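J.: Contents of entry_33.txt (compact mmCIF, N, CA and C atoms) are below:
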# COMPACT_ATOMS: atom_id res chain seq x y z
N MET A 101 -8.93 -16.56 -16.52
CA MET A 101 -8.05 -16.92 -15.44
C MET A 101 -6.84 -15.97 -15.42
N ILE A 102 -6.42 -15.62 -14.23
CA ILE A 102 -5.28 -14.72 -14.08
C ILE A 102 -4.00 -15.54 -14.09
N GLY A 103 -3.09 -15.15 -14.98
CA GLY A 103 -1.80 -15.82 -15.08
C GLY A 103 -0.73 -15.07 -14.29
N LEU A 104 0.41 -15.71 -14.18
CA LEU A 104 1.53 -15.14 -13.44
C LEU A 104 1.88 -13.74 -13.93
N HIS A 105 1.91 -13.55 -15.23
CA HIS A 105 2.33 -12.26 -15.78
C HIS A 105 1.25 -11.20 -15.72
N ASP A 106 0.06 -11.58 -15.24
CA ASP A 106 -1.00 -10.60 -14.99
C ASP A 106 -0.89 -10.00 -13.58
N LEU A 107 -0.11 -10.64 -12.73
CA LEU A 107 -0.06 -10.22 -11.33
C LEU A 107 0.43 -8.79 -11.10
N PRO A 108 1.40 -8.28 -11.87
CA PRO A 108 1.76 -6.87 -11.63
C PRO A 108 0.58 -5.91 -11.86
N ALA A 109 -0.23 -6.16 -12.86
CA ALA A 109 -1.40 -5.32 -13.10
C ALA A 109 -2.42 -5.49 -11.97
N VAL A 110 -2.61 -6.72 -11.52
CA VAL A 110 -3.51 -6.99 -10.40
C VAL A 110 -3.00 -6.24 -9.17
N ASP A 111 -1.71 -6.30 -8.92
CA ASP A 111 -1.12 -5.59 -7.79
C ASP A 111 -1.35 -4.08 -7.88
N ALA A 112 -1.23 -3.53 -9.07
CA ALA A 112 -1.46 -2.09 -9.24
C ALA A 112 -2.90 -1.74 -8.91
N VAL A 113 -3.83 -2.57 -9.37
CA VAL A 113 -5.25 -2.33 -9.06
C VAL A 113 -5.50 -2.45 -7.55
N LEU A 114 -4.89 -3.44 -6.94
CA LEU A 114 -5.04 -3.61 -5.49
C LEU A 114 -4.45 -2.42 -4.73
N ASN A 115 -3.29 -1.93 -5.16
CA ASN A 115 -2.70 -0.75 -4.52
C ASN A 115 -3.58 0.48 -4.70
N ALA A 116 -4.10 0.67 -5.89
CA ALA A 116 -4.99 1.82 -6.14
C ALA A 116 -6.25 1.71 -5.28
N THR A 117 -6.78 0.51 -5.19
CA THR A 117 -7.97 0.29 -4.37
C THR A 117 -7.67 0.58 -2.90
N ALA A 118 -6.53 0.13 -2.42
CA ALA A 118 -6.15 0.41 -1.04
C ALA A 118 -6.04 1.91 -0.80
N ALA A 119 -5.45 2.63 -1.75
CA ALA A 119 -5.32 4.08 -1.61
C ALA A 119 -6.68 4.75 -1.50
N VAL A 120 -7.61 4.36 -2.36
CA VAL A 120 -8.97 4.93 -2.32
C VAL A 120 -9.64 4.60 -0.99
N LEU A 121 -9.50 3.37 -0.53
CA LEU A 121 -10.10 2.97 0.74
C LEU A 121 -9.48 3.75 1.91
N LEU A 122 -8.17 3.95 1.89
CA LEU A 122 -7.52 4.70 2.96
C LEU A 122 -8.02 6.14 3.03
N VAL A 123 -8.13 6.78 1.87
CA VAL A 123 -8.62 8.16 1.85
C VAL A 123 -10.09 8.20 2.29
N THR A 124 -10.87 7.24 1.84
CA THR A 124 -12.28 7.16 2.24
C THR A 124 -12.39 7.00 3.76
N ALA A 125 -11.59 6.10 4.33
CA ALA A 125 -11.62 5.88 5.77
C ALA A 125 -11.20 7.13 6.54
N PHE A 126 -10.23 7.86 6.01
CA PHE A 126 -9.78 9.10 6.63
C PHE A 126 -10.94 10.11 6.68
N VAL A 127 -11.63 10.26 5.56
CA VAL A 127 -12.76 11.18 5.50
C VAL A 127 -13.86 10.74 6.48
N LEU A 128 -14.12 9.45 6.51
CA LEU A 128 -15.17 8.93 7.41
C LEU A 128 -14.85 9.22 8.88
N ILE A 129 -13.62 9.02 9.29
CA ILE A 129 -13.30 9.26 10.70
C ILE A 129 -13.33 10.75 11.02
N LYS A 130 -12.96 11.58 10.06
CA LYS A 130 -13.04 13.03 10.26
C LYS A 130 -14.50 13.46 10.40
N GLN A 131 -15.41 12.71 9.79
CA GLN A 131 -16.85 12.99 9.90
C GLN A 131 -17.46 12.36 11.16
N GLY A 132 -16.64 11.64 11.91
CA GLY A 132 -17.13 11.00 13.12
C GLY A 132 -17.87 9.70 12.88
N ARG A 133 -17.74 9.14 11.71
CA ARG A 133 -18.45 7.91 11.36
C ARG A 133 -17.55 6.69 11.66
N ARG A 134 -17.42 6.40 12.93
CA ARG A 134 -16.48 5.41 13.43
C ARG A 134 -16.73 4.00 12.87
N GLU A 135 -17.97 3.54 12.84
CA GLU A 135 -18.26 2.19 12.34
C GLU A 135 -17.96 2.07 10.84
N ALA A 136 -18.31 3.07 10.07
CA ALA A 136 -18.01 3.05 8.63
C ALA A 136 -16.50 3.08 8.43
N HIS A 137 -15.81 3.91 9.22
CA HIS A 137 -14.35 3.97 9.17
C HIS A 137 -13.75 2.60 9.44
N LYS A 138 -14.24 1.94 10.45
CA LYS A 138 -13.76 0.60 10.82
C LYS A 138 -13.93 -0.38 9.66
N ARG A 139 -15.11 -0.42 9.05
CA ARG A 139 -15.38 -1.34 7.94
C ARG A 139 -14.46 -1.06 6.75
N VAL A 140 -14.27 0.21 6.43
CA VAL A 140 -13.43 0.57 5.28
C VAL A 140 -11.96 0.25 5.57
N MET A 141 -11.53 0.48 6.80
CA MET A 141 -10.13 0.15 7.14
C MET A 141 -9.89 -1.36 7.10
N LEU A 142 -10.86 -2.14 7.54
CA LEU A 142 -10.72 -3.60 7.45
C LEU A 142 -10.65 -4.03 5.98
N ALA A 143 -11.42 -3.36 5.13
CA ALA A 143 -11.36 -3.64 3.69
C ALA A 143 -9.99 -3.26 3.12
N ALA A 144 -9.46 -2.11 3.54
CA ALA A 144 -8.12 -1.69 3.08
C ALA A 144 -7.07 -2.69 3.51
N PHE A 145 -7.17 -3.18 4.74
CA PHE A 145 -6.21 -4.17 5.21
C PHE A 145 -6.33 -5.47 4.42
N ALA A 146 -7.56 -5.88 4.13
CA ALA A 146 -7.77 -7.11 3.34
C ALA A 146 -7.20 -6.95 1.93
N VAL A 147 -7.47 -5.83 1.30
CA VAL A 147 -6.96 -5.57 -0.05
C VAL A 147 -5.43 -5.55 -0.05
N SER A 148 -4.84 -4.90 0.93
CA SER A 148 -3.38 -4.85 1.02
C SER A 148 -2.79 -6.23 1.31
N SER A 149 -3.50 -7.04 2.06
CA SER A 149 -3.04 -8.40 2.33
C SER A 149 -3.06 -9.25 1.06
N VAL A 150 -4.12 -9.12 0.27
CA VAL A 150 -4.18 -9.83 -1.01
C VAL A 150 -3.06 -9.35 -1.92
N PHE A 151 -2.82 -8.04 -1.94
CA PHE A 151 -1.70 -7.50 -2.70
C PHE A 151 -0.39 -8.20 -2.31
N LEU A 152 -0.14 -8.27 -1.01
CA LEU A 152 1.12 -8.83 -0.54
C LEU A 152 1.28 -10.29 -0.98
N VAL A 153 0.21 -11.06 -0.92
CA VAL A 153 0.26 -12.46 -1.37
C VAL A 153 0.58 -12.51 -2.87
N CYS A 154 -0.12 -11.71 -3.66
CA CYS A 154 0.13 -11.69 -5.12
C CYS A 154 1.56 -11.25 -5.43
N TYR A 155 2.02 -10.23 -4.72
CA TYR A 155 3.37 -9.71 -4.92
C TYR A 155 4.41 -10.79 -4.63
N LEU A 156 4.24 -11.48 -3.51
CA LEU A 156 5.20 -12.53 -3.13
C LEU A 156 5.16 -13.70 -4.11
N ILE A 157 4.00 -14.07 -4.55
CA ILE A 157 3.89 -15.16 -5.55
C ILE A 157 4.62 -14.76 -6.82
N TYR A 158 4.34 -13.57 -7.32
CA TYR A 158 4.96 -13.11 -8.58
C TYR A 158 6.49 -13.09 -8.46
N HIS A 159 6.98 -12.43 -7.43
CA HIS A 159 8.43 -12.25 -7.33
C HIS A 159 9.16 -13.52 -6.91
N SER A 160 8.46 -14.47 -6.29
CA SER A 160 9.10 -15.75 -5.99
C SER A 160 9.30 -16.56 -7.28
N GLN A 161 8.47 -16.30 -8.27
CA GLN A 161 8.57 -17.01 -9.55
C GLN A 161 9.44 -16.28 -10.57
N VAL A 162 9.36 -14.96 -10.58
CA VAL A 162 10.02 -14.15 -11.61
C VAL A 162 11.34 -13.55 -11.13
N GLY A 163 11.45 -13.32 -9.85
CA GLY A 163 12.62 -12.62 -9.32
C GLY A 163 12.43 -11.12 -9.43
N SER A 164 13.53 -10.39 -9.37
CA SER A 164 13.41 -8.94 -9.49
C SER A 164 13.33 -8.56 -10.97
N VAL A 165 12.64 -7.48 -11.22
CA VAL A 165 12.46 -6.98 -12.58
C VAL A 165 13.26 -5.68 -12.68
N HIS A 166 14.16 -5.64 -13.65
CA HIS A 166 15.04 -4.47 -13.79
C HIS A 166 14.41 -3.41 -14.66
N TYR A 167 14.63 -2.16 -14.27
CA TYR A 167 14.10 -1.03 -15.03
C TYR A 167 14.91 -0.86 -16.31
N PRO A 168 14.25 -0.83 -17.47
CA PRO A 168 14.99 -0.87 -18.74
C PRO A 168 15.52 0.48 -19.25
N HIS A 169 15.06 1.58 -18.67
CA HIS A 169 15.42 2.89 -19.20
C HIS A 169 16.65 3.46 -18.50
N THR A 170 17.27 4.43 -19.14
CA THR A 170 18.47 5.07 -18.59
C THR A 170 18.24 6.56 -18.44
N GLY A 171 19.22 7.22 -17.87
CA GLY A 171 19.17 8.67 -17.74
C GLY A 171 18.39 9.12 -16.53
N LEU A 172 17.87 10.33 -16.60
CA LEU A 172 17.16 10.96 -15.49
C LEU A 172 15.94 10.15 -15.07
N ILE A 173 15.22 9.58 -16.01
CA ILE A 173 14.02 8.81 -15.68
C ILE A 173 14.36 7.60 -14.82
N ARG A 174 15.53 7.01 -15.06
CA ARG A 174 15.98 5.88 -14.23
C ARG A 174 16.24 6.34 -12.79
N THR A 175 16.85 7.50 -12.66
CA THR A 175 17.11 8.06 -11.33
C THR A 175 15.80 8.34 -10.60
N VAL A 176 14.83 8.90 -11.31
CA VAL A 176 13.51 9.17 -10.72
C VAL A 176 12.87 7.85 -10.29
N TYR A 177 12.88 6.86 -11.18
CA TYR A 177 12.30 5.55 -10.88
C TYR A 177 12.96 4.93 -9.64
N LEU A 178 14.28 4.91 -9.62
CA LEU A 178 14.99 4.29 -8.51
C LEU A 178 14.76 5.02 -7.19
N THR A 179 14.61 6.33 -7.25
CA THR A 179 14.31 7.12 -6.05
C THR A 179 12.92 6.75 -5.51
N ILE A 180 11.95 6.70 -6.40
CA ILE A 180 10.59 6.32 -5.99
C ILE A 180 10.59 4.88 -5.47
N LEU A 181 11.25 3.98 -6.19
CA LEU A 181 11.29 2.58 -5.78
C LEU A 181 11.96 2.41 -4.42
N THR A 182 13.04 3.13 -4.19
CA THR A 182 13.77 3.01 -2.92
C THR A 182 12.91 3.48 -1.75
N THR A 183 12.30 4.65 -1.88
CA THR A 183 11.46 5.15 -0.78
C THR A 183 10.24 4.24 -0.59
N HIS A 184 9.67 3.78 -1.70
CA HIS A 184 8.53 2.87 -1.64
C HIS A 184 8.90 1.60 -0.90
N THR A 185 10.02 1.00 -1.25
CA THR A 185 10.44 -0.27 -0.67
C THR A 185 10.75 -0.15 0.82
N ILE A 186 11.47 0.87 1.19
CA ILE A 186 11.82 1.07 2.60
C ILE A 186 10.56 1.26 3.44
N LEU A 187 9.67 2.11 2.97
CA LEU A 187 8.45 2.36 3.74
C LEU A 187 7.49 1.17 3.69
N ALA A 188 7.48 0.44 2.57
CA ALA A 188 6.59 -0.72 2.44
C ALA A 188 6.91 -1.79 3.48
N ALA A 189 8.17 -1.89 3.85
CA ALA A 189 8.56 -2.87 4.86
C ALA A 189 7.91 -2.59 6.22
N SER A 190 7.59 -1.34 6.47
CA SER A 190 6.99 -0.98 7.76
C SER A 190 5.47 -1.09 7.77
N VAL A 191 4.84 -1.10 6.61
CA VAL A 191 3.38 -1.05 6.56
C VAL A 191 2.69 -2.23 7.24
N PRO A 192 3.10 -3.48 7.01
CA PRO A 192 2.39 -4.57 7.69
C PRO A 192 2.39 -4.43 9.21
N VAL A 193 3.53 -4.09 9.78
CA VAL A 193 3.61 -3.94 11.24
C VAL A 193 2.78 -2.75 11.70
N LEU A 194 2.95 -1.61 11.05
CA LEU A 194 2.17 -0.43 11.43
C LEU A 194 0.67 -0.68 11.29
N ALA A 195 0.27 -1.30 10.20
CA ALA A 195 -1.16 -1.55 9.97
C ALA A 195 -1.73 -2.49 11.02
N ILE A 196 -1.01 -3.55 11.34
CA ILE A 196 -1.50 -4.51 12.34
C ILE A 196 -1.61 -3.85 13.71
N VAL A 197 -0.59 -3.11 14.12
CA VAL A 197 -0.62 -2.45 15.42
C VAL A 197 -1.76 -1.43 15.46
N THR A 198 -1.90 -0.66 14.40
CA THR A 198 -2.95 0.36 14.34
C THR A 198 -4.33 -0.28 14.39
N LEU A 199 -4.53 -1.33 13.61
CA LEU A 199 -5.82 -2.02 13.61
C LEU A 199 -6.12 -2.65 14.97
N ARG A 200 -5.14 -3.29 15.57
CA ARG A 200 -5.36 -3.90 16.88
C ARG A 200 -5.80 -2.87 17.91
N ARG A 201 -5.14 -1.74 17.91
CA ARG A 201 -5.50 -0.70 18.89
C ARG A 201 -6.91 -0.19 18.64
N GLY A 202 -7.25 0.00 17.38
CA GLY A 202 -8.61 0.46 17.07
C GLY A 202 -9.66 -0.57 17.43
N LEU A 203 -9.40 -1.82 17.10
CA LEU A 203 -10.37 -2.89 17.38
C LEU A 203 -10.53 -3.15 18.88
N LYS A 204 -9.49 -2.88 19.64
CA LYS A 204 -9.55 -3.05 21.10
C LYS A 204 -10.18 -1.83 21.80
N GLY A 205 -10.42 -0.77 21.03
CA GLY A 205 -11.00 0.42 21.62
C GLY A 205 -10.00 1.34 22.29
N ALA A 206 -8.72 1.11 22.05
CA ALA A 206 -7.67 1.98 22.61
C ALA A 206 -7.48 3.16 21.65
N PHE A 207 -8.49 4.02 21.60
CA PHE A 207 -8.55 5.03 20.55
C PHE A 207 -7.47 6.11 20.65
N VAL A 208 -7.05 6.46 21.85
CA VAL A 208 -5.99 7.47 21.98
C VAL A 208 -4.70 6.90 21.40
N ARG A 209 -4.37 5.66 21.76
CA ARG A 209 -3.16 5.00 21.23
C ARG A 209 -3.31 4.71 19.74
N HIS A 210 -4.53 4.34 19.32
CA HIS A 210 -4.81 4.09 17.90
C HIS A 210 -4.54 5.36 17.08
N LYS A 211 -5.09 6.46 17.55
CA LYS A 211 -4.92 7.72 16.82
C LYS A 211 -3.45 8.15 16.77
N ALA A 212 -2.72 7.90 17.86
CA ALA A 212 -1.31 8.29 17.92
C ALA A 212 -0.49 7.58 16.85
N ILE A 213 -0.72 6.29 16.66
CA ILE A 213 0.05 5.56 15.64
C ILE A 213 -0.55 5.75 14.25
N ALA A 214 -1.86 5.94 14.18
CA ALA A 214 -2.51 6.14 12.88
C ALA A 214 -1.98 7.40 12.18
N ARG A 215 -1.55 8.37 12.96
CA ARG A 215 -0.96 9.59 12.38
C ARG A 215 0.29 9.27 11.55
N TRP A 216 0.95 8.18 11.90
CA TRP A 216 2.13 7.72 11.14
C TRP A 216 1.72 6.68 10.09
N THR A 217 0.87 5.76 10.48
CA THR A 217 0.48 4.67 9.59
C THR A 217 -0.21 5.18 8.33
N PHE A 218 -1.18 6.06 8.49
CA PHE A 218 -1.96 6.53 7.34
C PHE A 218 -1.09 7.12 6.23
N PRO A 219 -0.25 8.12 6.50
CA PRO A 219 0.51 8.69 5.38
C PRO A 219 1.52 7.72 4.78
N ILE A 220 2.10 6.87 5.62
CA ILE A 220 3.07 5.90 5.09
C ILE A 220 2.35 4.87 4.21
N TRP A 221 1.26 4.33 4.70
CA TRP A 221 0.49 3.33 3.95
C TRP A 221 -0.05 3.93 2.66
N LEU A 222 -0.54 5.16 2.73
CA LEU A 222 -1.05 5.82 1.52
C LEU A 222 0.08 6.06 0.52
N TYR A 223 1.21 6.53 0.98
CA TYR A 223 2.36 6.76 0.10
C TYR A 223 2.78 5.46 -0.58
N VAL A 224 2.85 4.39 0.19
CA VAL A 224 3.26 3.10 -0.38
C VAL A 224 2.24 2.61 -1.40
N SER A 225 0.97 2.79 -1.13
CA SER A 225 -0.07 2.36 -2.07
C SER A 225 0.01 3.16 -3.37
N VAL A 226 0.14 4.46 -3.26
CA VAL A 226 0.19 5.32 -4.46
C VAL A 226 1.49 5.08 -5.24
N THR A 227 2.61 5.03 -4.55
CA THR A 227 3.87 4.81 -5.27
C THR A 227 3.96 3.40 -5.84
N GLY A 228 3.22 2.45 -5.27
CA GLY A 228 3.14 1.12 -5.86
C GLY A 228 2.54 1.17 -7.25
N VAL A 229 1.53 1.99 -7.42
CA VAL A 229 0.91 2.19 -8.74
C VAL A 229 1.89 2.89 -9.67
N VAL A 230 2.58 3.90 -9.16
CA VAL A 230 3.55 4.65 -9.97
C VAL A 230 4.68 3.72 -10.43
N VAL A 231 5.19 2.90 -9.53
CA VAL A 231 6.26 1.96 -9.88
C VAL A 231 5.77 1.01 -10.98
N TYR A 232 4.57 0.49 -10.83
CA TYR A 232 3.99 -0.40 -11.86
C TYR A 232 3.93 0.33 -13.21
N LEU A 233 3.37 1.53 -13.22
CA LEU A 233 3.24 2.27 -14.48
C LEU A 233 4.61 2.53 -15.12
N MET A 234 5.57 2.94 -14.31
CA MET A 234 6.90 3.24 -14.85
C MET A 234 7.59 1.98 -15.36
N LEU A 235 7.40 0.86 -14.67
CA LEU A 235 8.11 -0.37 -15.02
C LEU A 235 7.45 -1.14 -16.16
N TYR A 236 6.12 -1.16 -16.18
CA TYR A 236 5.42 -2.03 -17.13
C TYR A 236 4.69 -1.29 -18.25
N GLN A 237 4.47 0.02 -18.09
CA GLN A 237 3.65 0.73 -19.08
C GLN A 237 4.41 1.76 -19.90
N PHE A 238 5.60 2.15 -19.46
CA PHE A 238 6.35 3.19 -20.21
C PHE A 238 7.62 2.63 -20.79
Just give me the structure as structure tokens.

T.:
Amino acid sequence: MIGLHDLPAVDAVLNATAAVLLVTAFVLIKQGRREAHKRVMLAAFAVSSVFLVCYLIYHSQVGSVHYPHTGLIRTVYLTILTTHTILAASVPVLAIVTLRRGLKGAFVRHKAIARWTFPIWLYVSVTGVVVYLMLYQF
């Protein structure tokens, strides 16, 4: 059974999975494989949604977790965390709008916003793993 203190590791796995799915979906659409792209993007959205639920559960119980190290590494951590947090706030809205446009077949509008959604969502997913590693593993 997964306990409360296992959730940061679960979140890191979910973020890594989302990143892999996003890159896979990008490759699929570049290959013209629209249906496969759609399925993988829906999986990425589902994984990111589960992440968000786990994240909210953990932090509603534990609160914020402070970085224990000092010096340059703290500055690096806080810089990554700040950019991650600011951009993470936009991902749910961007992802929902992008998915809606794609599912409705509004592909020109879908592609226009996906150019922004993809790199932001990927950055947030990857830096989520980095934040976890820096906070809980080092």

J.: Can you list, as a CSV table (one decimal) with N, CA and C atoms, in the coordinates of the input, every protein, DNA or RNA residue that comes within 8 Å of Ala195 in chain A when you count all atoms listed in the file, leaving out same-chain residues fewer than 6 positions away?

T.:
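To be explicit, this is the file written out as out_14.csv:
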chain,number,residue,atom,x,y,z
A,145,PHE,N,-7.2,-3.2,4.7
A,145,PHE,CA,-6.2,-4.2,5.2
A,145,PHE,C,-6.3,-5.5,4.4
A,201,ARG,N,-5.1,-1.7,17.9
A,201,ARG,CA,-5.5,-0.7,18.9
A,201,ARG,C,-6.9,-0.2,18.6
A,217,THR,N,0.9,5.8,10.5
A,217,THR,CA,0.5,4.7,9.6
A,217,THR,C,-0.2,5.2,8.3
A,218,PHE,N,-1.2,6.1,8.5
A,218,PHE,CA,-2.0,6.5,7.3
A,218,PHE,C,-1.1,7.1,6.2
A,221,TRP,N,1.3,4.3,4.7
A,221,TRP,CA,0.5,3.3,4.0
A,221,TRP,C,0.0,3.9,2.7

J.: Find, counting all atoms listed in the file, the residue in A:Thr183, A:Phe126, A:Ala144, A:Asn115 that gets nearest to Ser225 in chain A.

T.: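 Among the listed residues, the smallest separation from Ser225 in chain A belongs to A:Asn115.
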
J.: What is the CA of Met141 in chain A to CA of Leu199 in chain A distance in Å?

T.: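 Here the two named atoms are 8.1 Å from each other.
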
J.: Go ahead and find all residues with at least one atom no further than 6 Å from (4.6, 3.5, 9.8) in the file's coordinates, using only N, CA and C atoms; report them as a list in words.

T.: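 Those residues lying close to the given coordinates are Ser190, Val191, Leu194, Trp216, Thr217 and Ile220 of chain A.
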
J.: Let me make sure I understand: among A:Ala119, A:Leu203, A:Leu172, A:Ala143, which one has the smallest atom-to-atom distance to Val224 in chain A if we use all atoms listed in the file?

T.: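 Of A:Ala119, A:Leu203, A:Leu172, A:Ala143, the one nearest Val224 in chain A, counting all atoms listed in the file, is A:Ala119.
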
J.: Give the answer as one residue: which of A:His105, A:Met234, A:Pro168, A:Gly202 has the shortest atom-to-atom distance to His137 in chain A, using only C-alpha atoms?

T.: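 Of all the options, A:Gly202 lies closest to His137 in chain A.
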
J.: Using all atoms of range 209-212 of chain A listed in the file and a margin of 5 Å per side, can you give the axis-aligned box centre and edge lengths in Å to one decimal, as JSON?

T.:
{"center_x": -2.8, "center_y": 6.2, "center_z": 19.3, "size_x": 14.6, "size_y": 14.2, "size_z": 15.0}

J.: Find the residues around Asp111 in chain A up to 8 Å (only N, CA and C atoms counted), leave out those fewer than 3 positions away in its own chain, and share them as a VMD selection string.

T.: chain A and resid 106 to 108 114 to 117 150 to 152 154 to 155 228 to 229 232

J.: Point out the residue among A:Ile157, A:Val176, A:Leu142, A:Val147 with the least atom-to-atom distance to Leu104 in chain A, counting all atoms listed in the file.

T.: A:Ile157

J.: Among the residues of range 113-213 of chain A, find those DSSP assigns to alpha helix (DSSP H) from the backbone and print them as a PyMOL selection string.

T.: chain A and resi 113-130+134-162+172-188+191-203+207-213

J.: Please report the interatomic distance between CA of Leu181 in chain A and CA of Thr227 in chain A in Å with one decimal.

T.: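 Those two atoms sit 7.8 Å apart.
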
J.: Between atom C of Leu235 in chain A and atom C of Tyr167 in chain A, what is the spacing in Å?

T.: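 Answer for the atom C of Tyr167 in chain A to atom C of Leu235 in chain A separation: 7.5 Å.
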
J.: Could you please fill out range 169-176 of chain A with all heavy atoms and send it back as a CSV table (one decimal), in the frame of the given file?

T.:
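See result_0.csv below for the written result:
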chain,number,residue,atom,x,y,z
A,169,HIS,N,15.1,1.6,-18.7
A,169,HIS,CA,15.4,2.9,-19.2
A,169,HIS,C,16.6,3.5,-18.5
A,169,HIS,O,17.0,3.0,-17.4
A,169,HIS,CB,14.2,3.9,-19.1
A,169,HIS,CG,13.0,3.3,-19.8
A,169,HIS,ND1,12.9,3.2,-21.1
A,169,HIS,CD2,11.8,2.9,-19.2
A,169,HIS,CE1,11.7,2.7,-21.4
A,169,HIS,NE2,11.0,2.5,-20.3
A,170,THR,N,17.3,4.4,-19.1
A,170,THR,CA,18.5,5.1,-18.6
A,170,THR,C,18.2,6.6,-18.4
A,170,THR,O,17.2,7.1,-18.8
A,170,THR,CB,19.7,4.8,-19.5
A,170,THR,OG1,19.4,5.4,-20.8
A,170,THR,CG2,20.0,3.4,-19.7
A,171,GLY,N,19.2,7.2,-17.9
A,171,GLY,CA,19.2,8.7,-17.7
A,171,GLY,C,18.4,9.1,-16.5
A,171,GLY,O,18.2,8.4,-15.5
A,172,LEU,N,17.9,10.3,-16.6
A,172,LEU,CA,17.2,11.0,-15.5
A,172,LEU,C,15.9,10.2,-15.1
A,172,LEU,O,15.7,10.0,-13.9
A,172,LEU,CB,16.7,12.4,-15.9
A,172,LEU,CG,16.0,13.2,-14.8
A,172,LEU,CD1,16.8,13.3,-13.5
A,172,LEU,CD2,15.6,14.5,-15.3
A,173,ILE,N,15.2,9.6,-16.0
A,173,ILE,CA,14.0,8.8,-15.7
A,173,ILE,C,14.4,7.6,-14.8
A,173,ILE,O,13.6,7.2,-13.9
A,173,ILE,CB,13.2,8.4,-16.9
A,173,ILE,CG1,11.8,7.9,-16.6
A,173,ILE,CG2,13.9,7.4,-17.8
A,173,ILE,CD1,10.9,8.9,-16.0
A,174,ARG,N,15.5,7.0,-15.1
A,174,ARG,CA,16.0,5.9,-14.2
A,174,ARG,C,16.2,6.3,-12.8
A,174,ARG,O,15.9,5.7,-11.8
A,174,ARG,CB,17.2,5.2,-14.8
A,174,ARG,CG,17.7,4.0,-14.0
A,174,ARG,CD,19.0,3.4,-14.7
A,174,ARG,NE,19.5,2.3,-14.0
A,174,ARG,CZ,19.0,1.1,-14.0
A,174,ARG,NH1,17.9,0.8,-14.8
A,174,ARG,NH2,19.5,0.1,-13.3
A,175,THR,N,16.8,7.5,-12.7
A,175,THR,CA,17.1,8.1,-11.3
A,175,THR,C,15.8,8.3,-10.6
A,175,THR,O,15.7,8.0,-9.4
A,175,THR,CB,17.9,9.3,-11.4
A,175,THR,OG1,19.2,9.0,-12.1
A,175,THR,CG2,18.2,9.9,-10.1
A,176,VAL,N,14.8,8.9,-11.3
A,176,VAL,CA,13.5,9.2,-10.7
A,176,VAL,C,12.9,7.8,-10.3
A,176,VAL,O,12.4,7.7,-9.2
A,176,VAL,CB,12.6,9.9,-11.7
A,176,VAL,CG1,11.2,10.0,-11.2
A,176,VAL,CG2,13.2,11.3,-12.0
